[in-house]
file run-v9.pdb (PDB, C-alpha atoms)
MODEL        1
ATOM      1  CA  MET J   1       0.000   0.000   0.000
ATOM      2  CA  ARG J   2       1.427   3.361  -1.037
ATOM      3  CA  ASN J   3      -0.291   6.495   0.133
ATOM      4  CA  GLY J   4       2.007   8.129   2.663
ATOM      5  CA  VAL J   5       2.670   7.947   6.370
ATOM      6  CA  ALA J   6      -0.463   8.411   8.420
ATOM      7  CA  SER J   7      -0.289  11.519  10.575
ATOM      8  CA  GLN J   8      -2.936  10.219  12.952
ATOM      9  CA  THR J   9      -5.027   7.150  13.646
ATOM     10  CA  VAL J  10      -8.380   6.598  15.295
ATOM     11  CA  ALA J  11      -8.015   7.567  18.959
ATOM     12  CA  ARG J  12      -9.445   4.300  20.264
ATOM     13  CA  SER J  13     -10.243   0.908  18.818
ATOM     14  CA  GLN J  14     -13.507   1.573  17.068
ATOM     15  CA  CYS J  15     -15.041   1.072  13.670
ATOM     16  CA  PHE J  16     -14.875   4.271  11.607
ATOM     17  CA  LEU J  17     -18.016   3.247   9.731
ATOM     18  CA  CYS J  18     -20.449   2.901  12.645
ATOM     19  CA  ALA J  19     -18.340   4.277  15.541
ATOM     20  CA  GLU J  20     -18.990   1.151  17.603
ATOM     21  CA  THR J  21     -16.394  -0.848  19.504
ATOM     22  CA  SER J  22     -15.996  -4.600  19.595
ATOM     23  CA  ASP J  23     -14.054  -7.101  21.688
ATOM     24  CA  ARG J  24     -14.658 -10.063  19.353
ATOM     25  CA  VAL J  25     -11.245 -11.120  17.998
ATOM     26  CA  VAL J  26     -11.582 -13.064  14.719
ATOM     27  CA  TRP J  27      -8.065 -12.615  13.306
ATOM     28  CA  GLU J  28      -4.693 -12.274  14.983
ATOM     29  CA  GLU J  29      -1.348 -11.693  13.304
ATOM     30  CA  HIS J  30       1.898 -11.185  15.231
ATOM     31  CA  GLY J  31      -0.142 -10.139  18.267
ATOM     32  CA  ILE J  32      -2.227  -7.605  16.304
ATOM     33  CA  GLU J  33      -5.954  -8.230  16.650
ATOM     34  CA  GLY J  34      -8.699  -7.993  14.058
ATOM     35  CA  LEU J  35     -12.039  -7.194  15.729
ATOM     36  CA  LEU J  36     -15.391  -8.040  14.159
ATOM     37  CA  CYS J  37     -17.907  -5.191  14.358
ATOM     38  CA  GLY J  38     -21.679  -5.561  14.241
ATOM     39  CA  CYS J  39     -21.765  -3.761  10.870
ATOM     40  CA  GLY J  40     -19.686  -6.555   9.315
ATOM     41  CA  MET J  41     -16.355  -4.709   9.340
ATOM     42  CA  VAL J  42     -13.252  -6.372  10.746
ATOM     43  CA  TYR J  43     -10.969  -3.622  12.003
ATOM     44  CA  THR J  44      -7.529  -3.465  13.570
ATOM     45  CA  ASN J  45      -7.436  -3.133  17.334
ATOM     46  CA  GLN J  46      -4.994  -0.240  17.277
ATOM     47  CA  SER J  47      -3.998  -0.720  20.902
ATOM     48  CA  THR J  48      -2.227  -3.902  19.745
ATOM     49  CA  LEU J  49      -0.118  -2.154  17.077
ATOM     50  CA  HIS J  50       3.610  -2.495  17.694
ATOM     51  CA  GLU J  51       4.885   0.248  15.387
ATOM     52  CA  PRO J  52       3.615   3.471  13.784
ATOM     53  CA  LEU J  53       1.330   3.101  10.806
ATOM     54  CA  ASP J  54       3.524   3.456   7.699
ATOM     55  CA  LEU J  55       1.399   3.571   4.579
ATOM     56  CA  THR J  56       4.395   3.636   2.235
ATOM     57  CA  LYS J  57       5.207   0.070   3.267
ATOM     58  CA  GLU J  58       4.608  -2.374   0.429
ATOM     59  CA  PHE J  59       3.238  -5.852   1.084
ATOM     60  CA  HIS J  60       3.190  -7.117  -2.495
ATOM     61  CA  PRO J  61       5.958  -7.778  -5.030
ATOM     62  CA  ASP J  62       5.984  -5.908  -8.328
ATOM     63  CA  LEU J  63       4.433  -8.929 -10.059
ATOM     64  CA  PHE J  64       1.264  -8.452  -8.012
ATOM     65  CA  TYR J  65       0.760  -5.154  -9.863
ATOM     66  CA  SER J  66       2.473  -5.757 -13.210
ATOM     67  CA  LEU J  67       0.774  -9.030 -14.199
ATOM     68  CA  PRO J  68      -2.874  -7.842 -13.916
ATOM     69  CA  ALA J  69      -2.156  -4.310 -15.189
ATOM     70  CA  GLU J  70      -3.360  -4.994 -18.747
ATOM     71  CA  PHE J  71      -6.456  -6.830 -17.503
ATOM     72  CA  LYS J  72      -7.409  -3.967 -15.194
ATOM     73  CA  ALA J  73      -6.697  -1.274 -17.796
ATOM     74  CA  ALA J  74      -8.955  -3.094 -20.260
ATOM     75  CA  TRP J  75     -11.681  -3.333 -17.593
ATOM     76  CA  VAL J  76     -11.367   0.391 -16.872
ATOM     77  CA  ALA J  77     -11.532   1.252 -20.578
ATOM     78  CA  ARG J  78     -14.746  -0.774 -20.935
ATOM     79  CA  ASN J  79     -16.477   0.694 -17.893
ATOM     80  CA  CYS J  80     -15.158   4.255 -17.494
ATOM     81  CA  PRO J  81     -15.159   7.355 -19.682
ATOM     82  CA  PRO J  82     -12.079   8.152 -21.779
ATOM     83  CA  GLY J  83      -9.831  11.139 -21.122
ATOM     84  CA  ARG J  84      -7.573  12.056 -18.201
ATOM     85  CA  LEU J  85      -6.797   9.446 -15.555
ATOM     86  CA  VAL J  86      -4.891   9.782 -12.280
ATOM     87  CA  GLU J  87      -3.897   6.831 -10.101
ATOM     88  CA  VAL J  88      -3.694   7.376  -6.361
ATOM     89  CA  GLY J  89      -0.745   5.380  -5.023
ATOM     90  CA  CYS J  90       0.602   4.526  -8.481
ATOM     91  CA  GLY J  91       3.752   2.767  -7.274
ATOM     92  CA  ALA J  92       6.082   1.919 -10.148
ATOM     93  CA  GLY J  93       3.464   2.831 -12.762
ATOM     94  CA  PHE J  94       2.501  -0.568 -14.178
ATOM     95  CA  PHE J  95      -1.221   0.212 -14.346
ATOM     96  CA  LEU J  96      -0.655   3.728 -15.660
ATOM     97  CA  ALA J  97       1.493   2.435 -18.521
ATOM     98  CA  ALA J  98      -1.251  -0.049 -19.422
ATOM     99  CA  ALA J  99      -3.965   2.638 -19.178
ATOM    100  CA  ARG J 100      -1.920   4.945 -21.412
ATOM    101  CA  SER J 101      -1.808   2.216 -24.052
ATOM    102  CA  ARG J 102      -5.628   2.259 -23.912
ATOM    103  CA  GLY J 103      -5.696   5.927 -24.851
ATOM    104  CA  TYR J 104      -5.796   7.610 -21.440
ATOM    105  CA  GLU J 105      -3.760  10.681 -20.596
ATOM    106  CA  VAL J 106      -2.243   9.532 -17.321
ATOM    107  CA  MET J 107      -0.476  10.820 -14.245
ATOM    108  CA  GLY J 108       0.107   9.515 -10.736
ATOM    109  CA  LEU J 109      -0.022  10.509  -7.094
ATOM    110  CA  GLU J 110       2.790   8.678  -5.293
ATOM    111  CA  PRO J 111       4.350   9.911  -2.051
ATOM    112  CA  ASN J 112       7.042   7.229  -1.971
ATOM    113  CA  PRO J 113      10.168   8.613  -3.718
ATOM    114  CA  ALA J 114      11.509   5.074  -4.250
ATOM    115  CA  HIS J 115       9.419   4.844  -7.440
ATOM    116  CA  SER J 116      10.436   8.195  -8.934
ATOM    117  CA  GLU J 117      13.164   6.886 -11.232
ATOM    118  CA  GLN J 118      11.035   4.121 -12.723
ATOM    119  CA  LEU J 119       8.118   6.501 -13.303
ATOM    120  CA  GLN J 120      10.484   8.946 -14.975
ATOM    121  CA  GLN J 121      11.781   6.189 -17.253
ATOM    122  CA  LEU J 122       8.198   5.412 -18.257
ATOM    123  CA  GLY J 123       7.585   9.088 -18.995
ATOM    124  CA  ILE J 124       4.758   9.274 -16.454
ATOM    125  CA  LEU J 125       4.147  12.556 -14.676
ATOM    126  CA  VAL J 126       3.816  12.068 -10.924
ATOM    127  CA  ALA J 127       3.029  14.324  -7.968
ATOM    128  CA  GLN J 128       4.823  13.196  -4.813
ATOM    129  CA  GLU J 129       1.855  13.893  -2.549
ATOM    130  CA  VAL J 130      -0.864  12.132  -0.578
ATOM    131  CA  VAL J 131      -4.360  12.400  -1.963
ATOM    132  CA  GLU J 132      -5.778  14.112   1.140
ATOM    133  CA  HIS J 133      -3.392  17.048   0.666
ATOM    134  CA  ASN J 134      -2.754  17.130  -3.064
ATOM    135  CA  SER J 135      -2.200  20.185  -5.259
ATOM    136  CA  LEU J 136      -3.692  18.775  -8.474
ATOM    137  CA  PRO J 137      -6.289  20.890 -10.301
ATOM    138  CA  LYS J 138      -9.803  20.179  -9.056
ATOM    139  CA  ARG J 139     -12.539  18.803 -11.316
ATOM    140  CA  SER J 140     -10.012  17.927 -14.026
ATOM    141  CA  PHE J 141      -9.882  14.112 -14.225
ATOM    142  CA  ASP J 142     -12.289  11.764 -15.957
ATOM    143  CA  VAL J 143     -11.109   8.754 -13.936
ATOM    144  CA  VAL J 144      -9.530   8.626 -10.469
ATOM    145  CA  TYR J 145      -8.207   5.113  -9.942
ATOM    146  CA  HIS J 146      -6.704   3.283  -6.974
ATOM    147  CA  CYS J 147      -5.950  -0.321  -6.035
ATOM    148  CA  ASP J 148      -6.552  -1.800  -2.566
ATOM    149  CA  LEU J 149      -6.251   1.443  -0.635
ATOM    150  CA  LEU J 150      -9.580   1.546   1.203
ATOM    151  CA  ALA J 151      -8.244  -0.979   3.709
ATOM    152  CA  HIS J 152      -5.340   1.344   4.568
ATOM    153  CA  PHE J 153      -6.632   4.904   4.711
ATOM    154  CA  PRO J 154      -6.957   6.118   8.327
ATOM    155  CA  ASP J 155     -10.150   7.904   7.258
ATOM    156  CA  PRO J 156     -11.543   6.320   4.063
ATOM    157  CA  VAL J 157     -14.408   8.822   3.796
ATOM    158  CA  GLN J 158     -11.993  11.764   3.850
ATOM    159  CA  SER J 159      -9.785  10.087   1.245
ATOM    160  CA  LEU J 160     -12.722   9.343  -1.048
ATOM    161  CA  SER J 161     -13.905  12.926  -0.679
ATOM    162  CA  ALA J 162     -10.463  14.185  -1.746
ATOM    163  CA  MET J 163     -10.630  11.937  -4.809
ATOM    164  CA  CYS J 164     -14.094  13.192  -5.717
ATOM    165  CA  GLU J 165     -12.781  16.762  -5.707
ATOM    166  CA  LEU J 166     -10.505  15.783  -8.609
ATOM    167  CA  LEU J 167     -13.353  14.477 -10.777
ATOM    168  CA  SER J 168     -14.651  16.331 -13.795
ATOM    169  CA  PRO J 169     -18.460  16.788 -13.915
ATOM    170  CA  THR J 170     -18.770  13.467 -15.760
ATOM    171  CA  GLY J 171     -15.829  11.739 -14.042
ATOM    172  CA  VAL J 172     -15.879   8.530 -12.011
ATOM    173  CA  LEU J 173     -13.911   6.792  -9.302
ATOM    174  CA  CYS J 174     -12.628   3.343 -10.230
ATOM    175  CA  PHE J 175     -10.922   1.046  -7.766
ATOM    176  CA  GLU J 176     -10.260  -2.437  -6.466
ATOM    177  CA  VAL J 177     -11.246  -3.332  -2.910
ATOM    178  CA  GLY J 178     -11.030  -6.612  -1.024
ATOM    179  CA  LEU J 179     -13.839  -8.157   1.019
ATOM    180  CA  LEU J 180     -12.282 -10.000   3.970
ATOM    181  CA  GLY J 181     -14.802  -9.058   6.627
ATOM    182  CA  GLY J 182     -18.038 -10.860   7.391
ATOM    183  CA  ILE J 183     -16.663 -14.291   6.401
ATOM    184  CA  SER J 184     -16.119 -17.467   8.404
ATOM    185  CA  PRO J 185     -13.038 -17.103  10.662
ATOM    186  CA  SER J 186     -11.772 -20.410   9.225
ATOM    187  CA  TRP J 187     -10.897 -18.496   6.054
ATOM    188  CA  TYR J 188      -8.375 -16.407   7.959
ATOM    189  CA  THR J 189      -6.264 -19.464   8.691
ATOM    190  CA  LEU J 190      -6.191 -20.241   4.966
ATOM    191  CA  VAL J 191      -5.534 -16.648   3.890
ATOM    192  CA  GLY J 192      -2.557 -16.314   6.257
ATOM    193  CA  ARG J 193      -0.621 -13.088   6.789
ATOM    194  CA  ILE J 194      -1.877  -9.934   5.083
ATOM    195  CA  GLY J 195      -0.089  -7.271   7.111
ATOM    196  CA  LEU J 196      -2.845  -6.766   9.661
ATOM    197  CA  GLY J 197      -2.241  -3.430  11.303
ATOM    198  CA  GLN J 198      -1.242  -1.763   8.065
ATOM    199  CA  HIS J 199      -4.599  -3.090   6.839
ATOM    200  CA  LEU J 200      -6.909  -1.161   9.155
ATOM    201  CA  TRP J 201     -10.313  -2.045   7.721
ATOM    202  CA  LEU J 202     -11.477  -5.355   6.248
ATOM    203  CA  TYR J 203     -14.862  -4.877   4.610
ATOM    204  CA  SER J 204     -17.813  -7.173   4.289
ATOM    205  CA  ASP J 205     -20.079  -6.614   1.297
ATOM    206  CA  ARG J 206     -22.562  -4.824   3.580
ATOM    207  CA  ALA J 207     -19.878  -2.670   5.186
ATOM    208  CA  PHE J 208     -18.446  -1.699   1.805
ATOM    209  CA  LYS J 209     -21.833  -0.605   0.487
ATOM    210  CA  ASN J 210     -22.449   1.355   3.678
ATOM    211  CA  LEU J 211     -19.107   3.081   3.099
ATOM    212  CA  MET J 212     -20.300   4.118  -0.368
ATOM    213  CA  LEU J 213     -23.445   5.593   1.173
ATOM    214  CA  LYS J 214     -21.498   7.402   3.889
ATOM    215  CA  ALA J 215     -19.100   8.833   1.301
ATOM    216  CA  GLY J 216     -22.007  10.017  -0.871
ATOM    217  CA  LEU J 217     -21.186   7.697  -3.753
ATOM    218  CA  ASP J 218     -23.412   5.728  -6.108
ATOM    219  CA  ILE J 219     -22.101   2.442  -7.494
ATOM    220  CA  VAL J 220     -22.255   2.541 -11.287
ATOM    221  CA  CYS J 221     -20.655  -0.823 -12.017
ATOM    222  CA  ILE J 222     -19.295  -3.621  -9.855
ATOM    223  CA  GLN J 223     -17.698  -6.999 -10.576
ATOM    224  CA  TYR J 224     -16.990  -9.633  -7.941
ATOM    225  CA  PHE J 225     -14.040 -12.026  -8.054
ATOM    226  CA  GLY J 226     -14.011 -14.928  -5.593
ATOM    227  CA  LEU J 227     -10.623 -15.429  -3.943
ATOM    228  CA  ALA J 228     -11.109 -19.061  -2.905
ATOM    229  CA  PRO J 229      -9.220 -20.456  -5.943
ATOM    230  CA  GLU J 230      -6.340 -18.045  -5.308
ATOM    231  CA  VAL J 231      -6.203 -18.784  -1.570
ATOM    232  CA  ILE J 232      -6.282 -22.563  -1.973
ATOM    233  CA  GLY J 233      -4.354 -22.705  -5.238
ATOM    234  CA  GLY J 234      -1.732 -20.322  -3.883
ATOM    235  CA  LYS J 235      -1.065 -22.647  -0.945
ATOM    236  CA  ILE J 236      -0.640 -25.623  -3.270
ATOM    237  CA  LEU J 237       1.577 -23.661  -5.659
ATOM    238  CA  GLY J 238       3.708 -22.477  -2.747
ATOM    239  CA  VAL J 239       4.402 -26.056  -1.677
ATOM    240  CA  LEU J 240       5.086 -27.187  -5.257
ATOM    241  CA  ASN J 241       7.407 -24.239  -5.838
ATOM    242  CA  LYS J 242       9.419 -24.938  -2.711
ATOM    243  CA  ARG J 243       9.712 -28.692  -3.076
ATOM    244  CA  LEU J 244       9.693 -29.347  -6.821
ATOM    245  CA  ILE J 245       9.620 -26.408  -9.228
ATOM    246  CA  VAL J 246      12.355 -24.166  -7.800
ATOM    247  CA  PRO J 247      14.876 -27.001  -7.272
ATOM    248  CA  ALA J 248      14.235 -28.277 -10.812
ATOM    249  CA  LEU J 249      14.612 -24.855 -12.409
ATOM    250  CA  GLN J 250      17.743 -24.095 -10.398
ATOM    251  CA  ARG J 251      19.379 -27.120 -11.971
ATOM    252  CA  ILE J 252      18.717 -25.889 -15.492
ATOM    253  CA  SER J 253      18.748 -22.092 -15.102
ATOM    254  CA  ARG J 254      20.634 -19.543 -13.046
ATOM    255  CA  ASN J 255      17.377 -17.550 -12.792
ATOM    256  CA  GLY J 256      15.286 -20.518 -11.734
ATOM    257  CA  VAL J 257      13.847 -18.847  -8.633
ATOM    258  CA  ASP J 258      12.749 -15.781 -10.616
ATOM    259  CA  HIS J 259      11.098 -17.963 -13.275
ATOM    260  CA  ALA J 260       9.297 -20.006 -10.629
ATOM    261  CA  LEU J 261       8.097 -16.881  -8.822
ATOM    262  CA  ARG J 262       6.752 -15.369 -12.024
ATOM    263  CA  ALA J 263       5.022 -18.626 -12.943
ATOM    264  CA  LYS J 264       3.417 -18.799  -9.511
ATOM    265  CA  HIS J 265       2.126 -15.215  -9.676
ATOM    266  CA  SER J 266       0.851 -15.772 -13.230
ATOM    267  CA  CYS J 267      -1.178 -18.732 -11.978
ATOM    268  CA  VAL J 268      -2.445 -16.754  -8.988
ATOM    269  CA  HIS J 269      -3.467 -13.885 -11.291
ATOM    270  CA  PHE J 270      -5.394 -16.343 -13.500
ATOM    271  CA  LEU J 271      -7.118 -17.882 -10.469
ATOM    272  CA  ARG J 272      -8.016 -14.479  -9.000
ATOM    273  CA  TYR J 273      -9.474 -12.733 -12.017
ATOM    274  CA  ARG J 274     -10.361 -15.408 -14.579
ATOM    275  CA  VAL J 275     -11.564 -18.253 -12.392
ATOM    276  CA  GLY J 276     -12.710 -15.981  -9.565
ATOM    277  CA  ALA J 277     -15.056 -14.091 -11.900
ATOM    278  CA  LEU J 278     -17.082 -17.280 -12.379
ATOM    279  CA  LEU J 279     -17.684 -18.029  -8.696
ATOM    280  CA  PRO J 280     -20.699 -17.217  -6.483
ATOM    281  CA  HIS J 281     -20.309 -14.343  -4.022
ATOM    282  CA  ILE J 282     -19.160 -16.327  -0.998
ATOM    283  CA  GLY J 283     -15.976 -16.301   1.083
ATOM    284  CA  PRO J 284     -13.198 -13.736   0.565
ATOM    285  CA  GLN J 285     -13.519 -11.659  -2.567
ATOM    286  CA  THR J 286     -12.044  -8.744  -4.421
ATOM    287  CA  LEU J 287     -14.135  -6.226  -6.333
ATOM    288  CA  LEU J 288     -13.608  -3.897  -9.250
ATOM    289  CA  VAL J 289     -15.900  -0.919  -8.804
ATOM    290  CA  VAL J 290     -16.937   2.202 -10.677
ATOM    291  CA  ALA J 291     -18.658   4.871  -8.570
ATOM    292  CA  LYS J 292     -19.643   8.507  -8.895
ATOM    293  CA  PRO J 293     -20.814  11.236  -6.516
ATOM    294  CA  ALA J 294     -24.491  10.727  -5.733
ATOM    295  CA  ASN J 295     -25.415  14.319  -6.603
ATOM    296  CA  VAL J 296     -24.148  13.932 -10.182
ATOM    297  CA  GLN J 297     -26.754  12.989 -12.745
TER
ENDMDL
END

call {"tool": "encode", "arguments": {"input": "run-v9.pdb", "output": "structure tokens"}}
result
Amino acid sequence: MRNGVASQTVARSQCFLCAETSDRVVWEEHGIEGLLCGCGMVYTNQSTLHEPLDLTKEFHPDLFYSLPAEFKAAWVARNCPPGRLVEVGCGAGFFLAAARSRGYEVMGLEPNPAHSEQLQQLGILVAQEVVEHNSLPKRSFDVVYHCDLLAHFPDPVQSLSAMCELLSPTGVLCFEVGLLGGISPSWYTLVGRIGLGQHLWLYSDRAFKNLMLKAGLDIVCIQYFGLAPEVIGGKILGVLNKRLIVPALQRISRNGVDHALRAKHSCVHFLRYRVGALLPHIGPQTLLVVAKPANVQ
């Protein structure tokens, strides 16, 4: 996740969506607790955090973003208006490069300077700012895009509001968001570590839609992708990689580990977006969403 270092967090362990507190622990990771709220949200018990919230910390390798970039850019082009597009937390620019190839005029918001050189090499204009305090011209973008940030923002409503200020009169928000709240706790054992603590909010379908209402957004288009094939298949691929694939490739190639890692992530990408699109809406999911301010006709 890549949207700056949080200047503040919620003062006490409570759900930002309904302002209620919970003591029901359904997920624990390195001593950090995930509490299930009555609204369906699972949220981080911030009193169990061991270090300051650093939202420039990245939990995914580049392949997590580079492999699905073309798929997501094509989805955006089918479901969003053409024109100017800005990505909040653009990282190394994989999605922006793919969106540019689809005809968008692109730029990024990326507070982490570690990506500056790669973005410059791609010829992508970037503002090294967080979205809540950006200096971009208001009402000037046809699409404001972000990937998996709603779990990380200290105040998701404030962040969504800042994005809406960038939209042209006919512009839309487009984003990916995971649904890891409101599911059987047995899934959490299968999912494993996600960086709980940096992930502050884990939405259920109901909690996510309530967030849209609270932020004054109407959902224009939504597609669900079931994560069960990725979760289960990823575990199997991990074992195969460690015991069979990596050792075999190391014997025939100096870059065997890199090849095995790319093959694994390619399979995971296929399971997440191709197979996952065919599944019923149960268990952990990820969504691609298009939304617009409710007062825009």

call {"tool": "atom_distance", "arguments": {"input": "run-v9.pdb", "atom1": "CA of Gly226 in chain J", "atom2": "CA of Gln198 in chain J"}}
result
22.9 Å

call {"tool": "residues_around", "arguments": {"input": "run-v9.pdb", "residues": "Thr44 in chain J", "least_positions_apart": "3", "cutoff": "12 Å", "atoms": "only C-alpha atoms", "output": "VMD selection string"}}
result
chain J and resid 9 to 10 12 to 16 21 to 29 31 to 37 41 47 to 50 53 151 to 152 154 181 195 to 203

call {"tool": "atom_distance", "arguments": {"input": "run-v9.pdb", "atom1": "CA of Ala127 in chain J", "atom2": "CA of Pro111 in chain J"}}
result
7.5 Å

call {"tool": "residues_around", "arguments": {"input": "run-v9.pdb", "residues": "Leu166 in chain J", "least_positions_apart": "3", "cutoff": "10 Å", "atoms": "all atoms listed in the file", "output": "short mmCIF file (atom, residue, chain, number, x, y, z; two decimals) with C-alpha atoms, in the coordinates of the input"}}
result
data_model
loop_
_atom_site.label_atom_id
_atom_site.label_comp_id
_atom_site.auth_asym_id
_atom_site.auth_seq_id
_atom_site.Cartn_x
_atom_site.Cartn_y
_atom_site.Cartn_z
CA VAL J 86 -4.89 9.78 -12.28
CA VAL J 131 -4.36 12.40 -1.96
CA ASN J 134 -2.75 17.13 -3.06
CA SER J 135 -2.20 20.18 -5.26
CA LEU J 136 -3.69 18.77 -8.47
CA PRO J 137 -6.29 20.89 -10.30
CA LYS J 138 -9.80 20.18 -9.06
CA ARG J 139 -12.54 18.80 -11.32
CA SER J 140 -10.01 17.93 -14.03
CA PHE J 141 -9.88 14.11 -14.22
CA ASP J 142 -12.29 11.76 -15.96
CA VAL J 143 -11.11 8.75 -13.94
CA VAL J 144 -9.53 8.63 -10.47
CA SER J 161 -13.90 12.93 -0.68
CA ALA J 162 -10.46 14.18 -1.75
CA MET J 163 -10.63 11.94 -4.81
CA PRO J 169 -18.46 16.79 -13.92
CA GLY J 171 -15.83 11.74 -14.04
CA VAL J 172 -15.88 8.53 -12.01
CA LEU J 173 -13.91 6.79 -9.30
#

call {"tool": "residues_around", "arguments": {"input": "run-v9.pdb", "residues": "Phe208 in chain J", "least_positions_apart": "4", "cutoff": "9 Å", "atoms": "only C-alpha atoms", "output": "VMD selection string"}}
result
chain J and resid 41 177 179 203 to 204 212 to 213

call {"tool": "closest_residue", "arguments": {"input": "run-v9.pdb", "among": "J:Leu125, J:Leu67, J:Ile232, J:Leu119", "to": "Val106 in chain J", "atoms": "all atoms listed in the file"}}
result
J:Leu125

call {"tool": "closest_residue", "arguments": {"input": "run-v9.pdb", "among": "J:Pro68, J:Gly216, J:Gly40, J:Pro81", "to": "Tyr273 in chain J", "atoms": "all atoms listed in the file"}}
result
J:Pro68

call {"tool": "axis_aligned_box", "arguments": {"input": "run-v9.pdb", "around": "range 17-20 of chain J", "padding_each_side": "4 Å", "output": "lines of an AutoDock Vina configuration file"}}
result
center_x = -19.2
center_y = 2.7
center_z = 13.7
size_x = 10.4
size_y = 11.1
size_z = 15.9

call {"tool": "atom_distance", "arguments": {"input": "run-v9.pdb", "atom1": "CA of His265 in chain J", "atom2": "CA of Ala291 in chain J"}}
result
28.9 Å

call {"tool": "resolve_selection", "arguments": {"input": "run-v9.pdb", "expression": "the PyMOL selection byres ((chain J and resi 293) around 7)", "output": "VMD selection string"}}
result
chain J and resid 216 to 218 292 294 to 296

call {"tool": "write_last_selection", "arguments": {"input": "run-v9.pdb", "atoms": "C-alpha atoms", "output": "PDB file, keeping the file's coordinate frame"}}
result
ATOM      1  CA  GLY J 216     -22.007  10.017  -0.871  1.00  0.00           C
ATOM      2  CA  LEU J 217     -21.186   7.697  -3.753  1.00  0.00           C
ATOM      3  CA  ASP J 218     -23.412   5.728  -6.108  1.00  0.00           C
ATOM      4  CA  LYS J 292     -19.643   8.507  -8.895  1.00  0.00           C
ATOM      5  CA  ALA J 294     -24.491  10.727  -5.733  1.00  0.00           C
ATOM      6  CA  ASN J 295     -25.415  14.319  -6.603  1.00  0.00           C
ATOM      7  CA  VAL J 296     -24.148  13.932 -10.182  1.00  0.00           C
TER       8      VAL J 296
END

call {"tool": "closest_residue", "arguments": {"input": "run-v9.pdb", "among": "J:Leu150, J:Val289, J:Leu85, J:Leu190", "to": "Ile124 in chain J", "atoms": "all atoms listed in the file"}}
result
J:Leu85

call {"tool": "residues_around", "arguments": {"input": "run-v9.pdb", "residues": "Phe95 in chain J", "least_positions_apart": "2", "cutoff": "8 Å", "atoms": "all atoms listed in the file", "output": "number ranges by chain"}}
result
J: 65-66, 69-70, 72-73, 90, 93, 97-99

call {"tool": "write_last_selection", "arguments": {"input": "run-v9.pdb", "atoms": "C-alpha atoms", "output": "PDB file, in the frame of the given file"}}
result
ATOM      1  CA  TYR J  65       0.760  -5.154  -9.863  1.00  0.00           C
ATOM      2  CA  SER J  66       2.473  -5.757 -13.210  1.00  0.00           C
ATOM      3  CA  ALA J  69      -2.156  -4.310 -15.189  1.00  0.00           C
ATOM      4  CA  GLU J  70      -3.360  -4.994 -18.747  1.00  0.00           C
ATOM      5  CA  LYS J  72      -7.409  -3.967 -15.194  1.00  0.00           C
ATOM      6  CA  ALA J  73      -6.697  -1.274 -17.796  1.00  0.00           C
ATOM      7  CA  CYS J  90       0.602   4.526  -8.481  1.00  0.00           C
ATOM      8  CA  GLY J  93       3.464   2.831 -12.762  1.00  0.00           C
ATOM      9  CA  ALA J  97       1.493   2.435 -18.521  1.00  0.00           C
ATOM     10  CA  ALA J  98      -1.251  -0.049 -19.422  1.00  0.00           C
ATOM     11  CA  ALA J  99      -3.965   2.638 -19.178  1.00  0.00           C
TER      12      ALA J  99
END

call {"tool": "resolve_selection", "arguments": {"input": "run-v9.pdb", "expression": "the PyMOL selection byres ((chain J and resi 271) around 10)", "output": "ChimeraX atom specification"}}
result
/J:225-234,265-270,272-277

call {"tool": "resolve_selection", "arguments": {"input": "run-v9.pdb", "expression": "the PyMOL selection byres ((chain J and resi 130) around 9)", "output": "ChimeraX atom specification"}}
result
/J:3-5,88-89,109-111,127-129,131-134

call {"tool": "closest_residue", "arguments": {"input": "run-v9.pdb", "among": "J:Lys209, J:Arg100, J:Val76, J:Gly83", "to": "Ser168 in chain J", "atoms": "only C-alpha atoms"}}
result
J:Gly83

call {"tool": "closest_residue", "arguments": {"input": "run-v9.pdb", "among": "J:Cys80, J:Leu279, J:Cys147, J:Ala207", "to": "Cys39 in chain J", "atoms": "all atoms listed in the file"}}
result
J:Ala207

call {"tool": "closest_residue", "arguments": {"input": "run-v9.pdb", "among": "J:Ala19, J:Leu122, J:Leu167, J:Ala74", "to": "Leu288 in chain J", "atoms": "only C-alpha atoms"}}
result
J:Ala74
